[in-house]
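Chemist: Sharing query.cif below, mmCIF, C-alpha atoms:
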```cif
data_data
#
loop_
_atom_site.group_PDB
_atom_site.id
_atom_site.type_symbol
_atom_site.label_atom_id
_atom_site.label_comp_id
_atom_site.auth_asym_id
_atom_site.auth_seq_id
_atom_site.Cartn_x
_atom_site.Cartn_y
_atom_site.Cartn_z
ATOM 1 C CA MET A 1 100.316 84.221 83.855
ATOM 2 C CA ARG A 2 98.346 87.257 85.014
ATOM 3 C CA TYR A 3 100.225 89.582 87.345
ATOM 4 C CA ALA A 4 98.928 92.505 89.362
ATOM 5 C CA ILE A 5 101.346 95.082 90.748
ATOM 6 C CA ILE A 6 100.183 96.680 93.980
ATOM 7 C CA ALA A 7 102.225 99.627 95.199
ATOM 8 C CA ASN A 8 101.997 101.238 98.598
ATOM 9 C CA PRO A 9 101.133 104.896 98.006
ATOM 10 C CA GLY A 10 103.162 105.876 101.069
ATOM 11 C CA PHE A 11 106.598 105.196 99.636
ATOM 12 C CA GLY A 12 108.933 108.152 99.553
ATOM 13 C CA ASN A 13 108.102 111.801 99.188
ATOM 14 C CA LYS A 14 107.141 111.579 95.513
ATOM 15 C CA ASN A 15 103.800 112.405 93.942
ATOM 16 C CA ILE A 16 101.688 109.737 92.239
ATOM 17 C CA ALA A 17 103.157 110.429 88.779
ATOM 18 C CA GLN A 18 106.715 110.087 90.093
ATOM 19 C CA LYS A 19 105.848 106.865 91.932
ATOM 20 C CA HIS A 20 104.234 105.507 88.783
ATOM 21 C CA SER A 21 107.355 106.289 86.753
ATOM 22 C CA VAL A 22 109.502 104.234 89.154
ATOM 23 C CA LEU A 23 107.344 101.176 88.428
ATOM 24 C CA VAL A 24 106.474 101.642 84.753
ATOM 25 C CA GLY A 25 109.362 99.451 83.548
ATOM 26 C CA ALA A 26 108.237 96.574 85.751
ATOM 27 C CA ALA A 27 104.639 97.050 84.585
ATOM 28 C CA GLU A 28 105.739 96.815 80.944
ATOM 29 C CA ILE A 29 107.811 93.684 81.598
ATOM 30 C CA LEU A 30 104.940 91.994 83.430
ATOM 31 C CA ASN A 31 102.352 93.352 80.973
ATOM 32 C CA GLU A 32 100.305 94.749 83.820
ATOM 33 C CA GLU A 33 99.032 97.963 85.348
ATOM 34 C CA ILE A 34 100.116 99.507 88.635
ATOM 35 C CA HIS A 35 97.377 99.506 91.270
ATOM 36 C CA SER A 36 96.534 101.377 94.497
ATOM 37 C CA LEU A 37 98.726 104.451 94.225
ATOM 38 C CA ASP A 38 95.631 106.447 95.102
ATOM 39 C CA THR A 39 94.566 104.648 98.303
ATOM 40 C CA THR A 40 94.785 106.859 101.365
ATOM 41 C CA THR A 41 94.659 104.634 104.456
ATOM 42 C CA PRO A 42 96.386 101.375 105.439
ATOM 43 C CA GLY A 43 92.965 99.723 105.749
ATOM 44 C CA ASP A 44 91.981 100.788 102.225
ATOM 45 C CA PHE A 45 95.319 99.548 100.915
ATOM 46 C CA CYS A 46 94.931 96.089 102.497
ATOM 47 C CA GLN A 47 91.318 95.825 101.339
ATOM 48 C CA TYR A 48 92.402 96.710 97.797
ATOM 49 C CA ALA A 49 95.112 94.017 98.020
ATOM 50 C CA ARG A 50 92.485 91.402 98.959
ATOM 51 C CA GLU A 51 90.277 92.424 96.034
ATOM 52 C CA LEU A 52 93.169 92.553 93.573
ATOM 53 C CA ALA A 53 94.432 89.125 94.664
ATOM 54 C CA ASN A 54 91.173 87.650 93.351
ATOM 55 C CA ARG A 55 91.835 89.023 89.863
ATOM 56 C CA CYS A 56 95.363 87.764 89.201
ATOM 57 C CA ASP A 57 97.579 84.686 89.292
ATOM 58 C CA VAL A 58 100.468 86.393 91.125
ATOM 59 C CA LEU A 59 100.220 89.499 93.291
ATOM 60 C CA VAL A 60 103.392 91.578 92.896
ATOM 61 C CA ILE A 61 103.994 93.751 95.956
ATOM 62 C CA ALA A 62 105.990 96.922 95.360
ATOM 63 C CA ARG A 63 107.458 98.777 98.326
ATOM 64 C CA GLY A 64 109.309 97.663 101.429
ATOM 65 C CA ASP A 65 109.313 95.099 104.194
ATOM 66 C CA ARG A 66 106.336 96.595 106.050
ATOM 67 C CA THR A 67 104.164 96.653 102.919
ATOM 68 C CA LEU A 68 105.052 93.043 102.166
ATOM 69 C CA SER A 69 104.140 92.103 105.734
ATOM 70 C CA ASP A 70 100.855 94.029 105.635
ATOM 71 C CA ILE A 71 99.754 92.311 102.434
ATOM 72 C CA ILE A 72 100.807 88.773 103.289
ATOM 73 C CA ASN A 73 98.859 89.189 106.523
ATOM 74 C CA SER A 74 95.815 90.400 104.552
ATOM 75 C CA ILE A 75 95.533 87.693 101.900
ATOM 76 C CA ASP A 76 95.687 83.898 101.821
ATOM 77 C CA THR A 77 99.202 83.305 100.508
ATOM 78 C CA ALA A 78 98.563 79.560 100.447
ATOM 79 C CA GLN A 79 96.076 80.284 97.650
ATOM 80 C CA LYS A 80 97.684 83.343 96.031
ATOM 81 C CA PRO A 81 101.397 83.468 95.184
ATOM 82 C CA VAL A 82 103.132 86.783 95.838
ATOM 83 C CA ALA A 83 106.257 88.368 94.405
ATOM 84 C CA PHE A 84 108.219 91.328 95.732
ATOM 85 C CA LEU A 85 109.597 94.470 94.067
ATOM 86 C CA PRO A 86 111.766 96.151 96.729
ATOM 87 C CA LEU A 87 111.386 99.931 96.912
ATOM 88 C CA GLY A 88 111.783 100.518 100.644
ATOM 89 C CA THR A 89 114.684 102.067 102.496
ATOM 90 C CA GLY A 90 115.824 99.113 104.617
ATOM 91 C CA ASN A 91 114.781 96.202 102.423
ATOM 92 C CA ALA A 92 115.750 93.399 104.791
ATOM 93 C CA ILE A 93 113.602 91.054 102.696
ATOM 94 C CA GLN A 94 115.481 92.071 99.547
ATOM 95 C CA HIS A 95 118.759 91.074 101.194
ATOM 96 C CA ALA A 96 117.315 87.863 102.673
ATOM 97 C CA LEU A 97 116.065 86.811 99.233
ATOM 98 C CA LYS A 98 119.424 87.825 97.706
ATOM 99 C CA TYR A 99 117.756 90.028 95.100
ATOM 100 C CA LYS A 100 120.268 91.647 92.773
ATOM 101 C CA GLY A 101 119.751 94.346 90.172
ATOM 102 C CA GLY A 102 117.205 97.071 89.737
ATOM 103 C CA ILE A 103 113.438 96.954 89.414
ATOM 104 C CA PRO A 104 113.432 95.926 85.707
ATOM 105 C CA GLU A 105 115.835 93.028 86.347
ATOM 106 C CA ILE A 106 113.799 91.808 89.302
ATOM 107 C CA ALA A 107 110.583 92.076 87.260
ATOM 108 C CA MET A 108 112.171 89.910 84.529
ATOM 109 C CA ARG A 109 113.108 87.290 87.129
ATOM 110 C CA ILE A 110 109.531 87.337 88.445
ATOM 111 C CA ARG A 111 108.193 86.874 84.918
ATOM 112 C CA ASP A 112 110.698 84.202 83.866
ATOM 113 C CA GLY A 113 111.225 82.380 87.155
ATOM 114 C CA GLU A 114 109.442 79.442 88.651
ATOM 115 C CA GLN A 115 107.225 79.705 91.704
ATOM 116 C CA LYS A 116 108.761 78.573 94.964
ATOM 117 C CA LYS A 117 107.059 78.023 98.260
ATOM 118 C CA ARG A 118 108.666 79.813 101.172
ATOM 119 C CA GLY A 119 108.230 78.574 104.705
ATOM 120 C CA GLN A 120 106.586 80.624 107.362
ATOM 121 C CA THR A 121 108.219 81.209 110.680
ATOM 122 C CA ASN A 122 106.610 80.552 114.011
ATOM 123 C CA SER A 123 107.396 83.471 116.301
ATOM 124 C CA GLU A 124 106.506 81.382 119.362
ATOM 125 C CA HIS A 125 109.185 78.800 118.642
ATOM 126 C CA PRO A 126 112.456 79.383 120.548
#
```
What would you get if you wrote out this structure as structure tokens?
Modeler:
Amino acid sequence: MRYAIIANPGFGNKNIAQKHSVLVGAAEILNEEIHSLDTTTPGDFCQYARELANRCDVLVIARGDRTLSDIINSIDTAQKPVAFLPLGTGNAIQHALKYKGGIPEIAMRIRDGEQKKRGQTNSEHP
């Protein structure tokens, strides 16, 4: 399985090296590099996500709820499975998915787990 970790460069007040160090354990577990820490605009970030999705089997999204939303609205998730490494401050998705443990533990579950389809919600439905 080929993974690609895409990290929103906007997370926290850390420089690129510090952000990279937060994700290096996950990158080692998934045998993959960390991408997009140098993008500068939301449009560039989403475009990079679309390009990266074509070069992997699973796109691993590292950041928070908004980043996850931006990317799943930028790529065809019916064709490209995504996984989530929660690094945000609120992390509602982390709690909804009942993620436990730190980034390395979550990365191991991504690597060792089976793919599951998640339903999409219809915001127009009462």
Chemist: Anything within 10 Å of (93.4, 95.5, 102.5): list those residues as a list in words, counting only C-alpha atoms and sticking to the file's coordinates.
Modeler: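 With a cut-off of 10 Å, the residues come to Thr41, Pro42, Gly43, Asp44, Phe45, Cys46, Gln47, Tyr48, Ala49, Arg50, Glu51, Leu52, Asp70, Ile71, Asn73, Ser74 and Ile75 of chain A.
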Chemist: With C-alpha atoms kept, could you save the residues just selected as a PDB file, keeping the file's coordinate frame?
Modeler:
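So the final result, stored in part-v5.pdb, reads:
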```
ATOM      1  CA  THR A  41      94.659 104.634 104.456  1.00  0.00           C
ATOM      2  CA  PRO A  42      96.386 101.375 105.439  1.00  0.00           C
ATOM      3  CA  GLY A  43      92.965  99.723 105.749  1.00  0.00           C
ATOM      4  CA  ASP A  44      91.981 100.788 102.225  1.00  0.00           C
ATOM      5  CA  PHE A  45      95.319  99.548 100.915  1.00  0.00           C
ATOM      6  CA  CYS A  46      94.931  96.089 102.497  1.00  0.00           C
ATOM      7  CA  GLN A  47      91.318  95.825 101.339  1.00  0.00           C
ATOM      8  CA  TYR A  48      92.402  96.710  97.797  1.00  0.00           C
ATOM      9  CA  ALA A  49      95.112  94.017  98.020  1.00  0.00           C
ATOM     10  CA  ARG A  50      92.485  91.402  98.959  1.00  0.00           C
ATOM     11  CA  GLU A  51      90.277  92.424  96.034  1.00  0.00           C
ATOM     12  CA  LEU A  52      93.169  92.553  93.573  1.00  0.00           C
ATOM     13  CA  ASP A  70     100.855  94.029 105.635  1.00  0.00           C
ATOM     14  CA  ILE A  71      99.754  92.311 102.434  1.00  0.00           C
ATOM     15  CA  ASN A  73      98.859  89.189 106.523  1.00  0.00           C
ATOM     16  CA  SER A  74      95.815  90.400 104.552  1.00  0.00           C
ATOM     17  CA  ILE A  75      95.533  87.693 101.900  1.00  0.00           C
TER      18      ILE A  75
END
```
Chemist: Just checking: using only C-alpha atoms, which residue out of A:Ile72, A:Ala107, A:Leu59, A:Ala83 ends up closest to Glu28 of chain A?
Modeler: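 The shortest atom-to-atom distance to Glu28 of chain A comes from A:Ala107.
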Chemist: Rounded to one decimal, what separation in Å do you get between atom CA of Val60 of chain A and atom CA of Ile5 of chain A?
Modeler: 4.6 Å
Chemist: Would you compute the distance between atom CA of Leu37 of chain A and atom CA of Ala62 of chain A? Give it in Å to one decimal.
Modeler: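 Rounded to one decimal, the two atoms are 10.5 Å apart.
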Chemist: One decimal, in Å: what's the spacing between atom CA of Phe84 of chain A and atom CA of Pro9 of chain A?
Modeler: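 Taking atom CA of Phe84 of chain A and atom CA of Pro9 of chain A, their separation equals 15.5 Å.
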Chemist: Name the residues captured by the PyMOL selection byres ((chain A and resi 87) around 12) when it is applied to the shown file; answer as a ChimeraX atom specification.
Modeler: /A:7-12,19,22-23,61-68,84-86,88-94,99,102-103,106
Chemist: When distances are computed from only C-alpha atoms, which of A:Val24, A:Met1, A:Ile16, A:Leu30 shows the smallest separation from Arg109 of chain A?
Modeler: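 Among A:Val24, A:Met1, A:Ile16, A:Leu30, it is A:Leu30 that comes nearest to Arg109 of chain A.
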Chemist: Taking only C-alpha atoms into account, which of A:Ile29, A:Cys56, A:Ala96, A:Ala4 comes nearest Asp112 of chain A?
Modeler: A:Ile29
Chemist: Using only C-alpha atoms, which of A:Ser69, A:Asn15, A:Thr39, A:Ile6 sits nearest Ala53 of chain A?
Modeler: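 Once distances to Ala53 of chain A are computed over only C-alpha atoms, the minimum belongs to A:Ile6.
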Chemist: I need the residue nearest Asn31 of chain A from this list: A:Tyr3, A:His95, A:Val82, A:Asp76. Use all atoms listed in the file for the distance.
Modeler: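 Ranked by minimum distance to Asn31 of chain A, first place goes to A:Tyr3.
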Chemist: Which one is closest to Arg111 of chain A: A:Glu33, A:Gln79, A:Ala26, A:Gln18? Count only C-alpha atoms.
Modeler: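 Of A:Glu33, A:Gln79, A:Ala26, A:Gln18, the one nearest Arg111 of chain A is A:Ala26, counting only C-alpha atoms.
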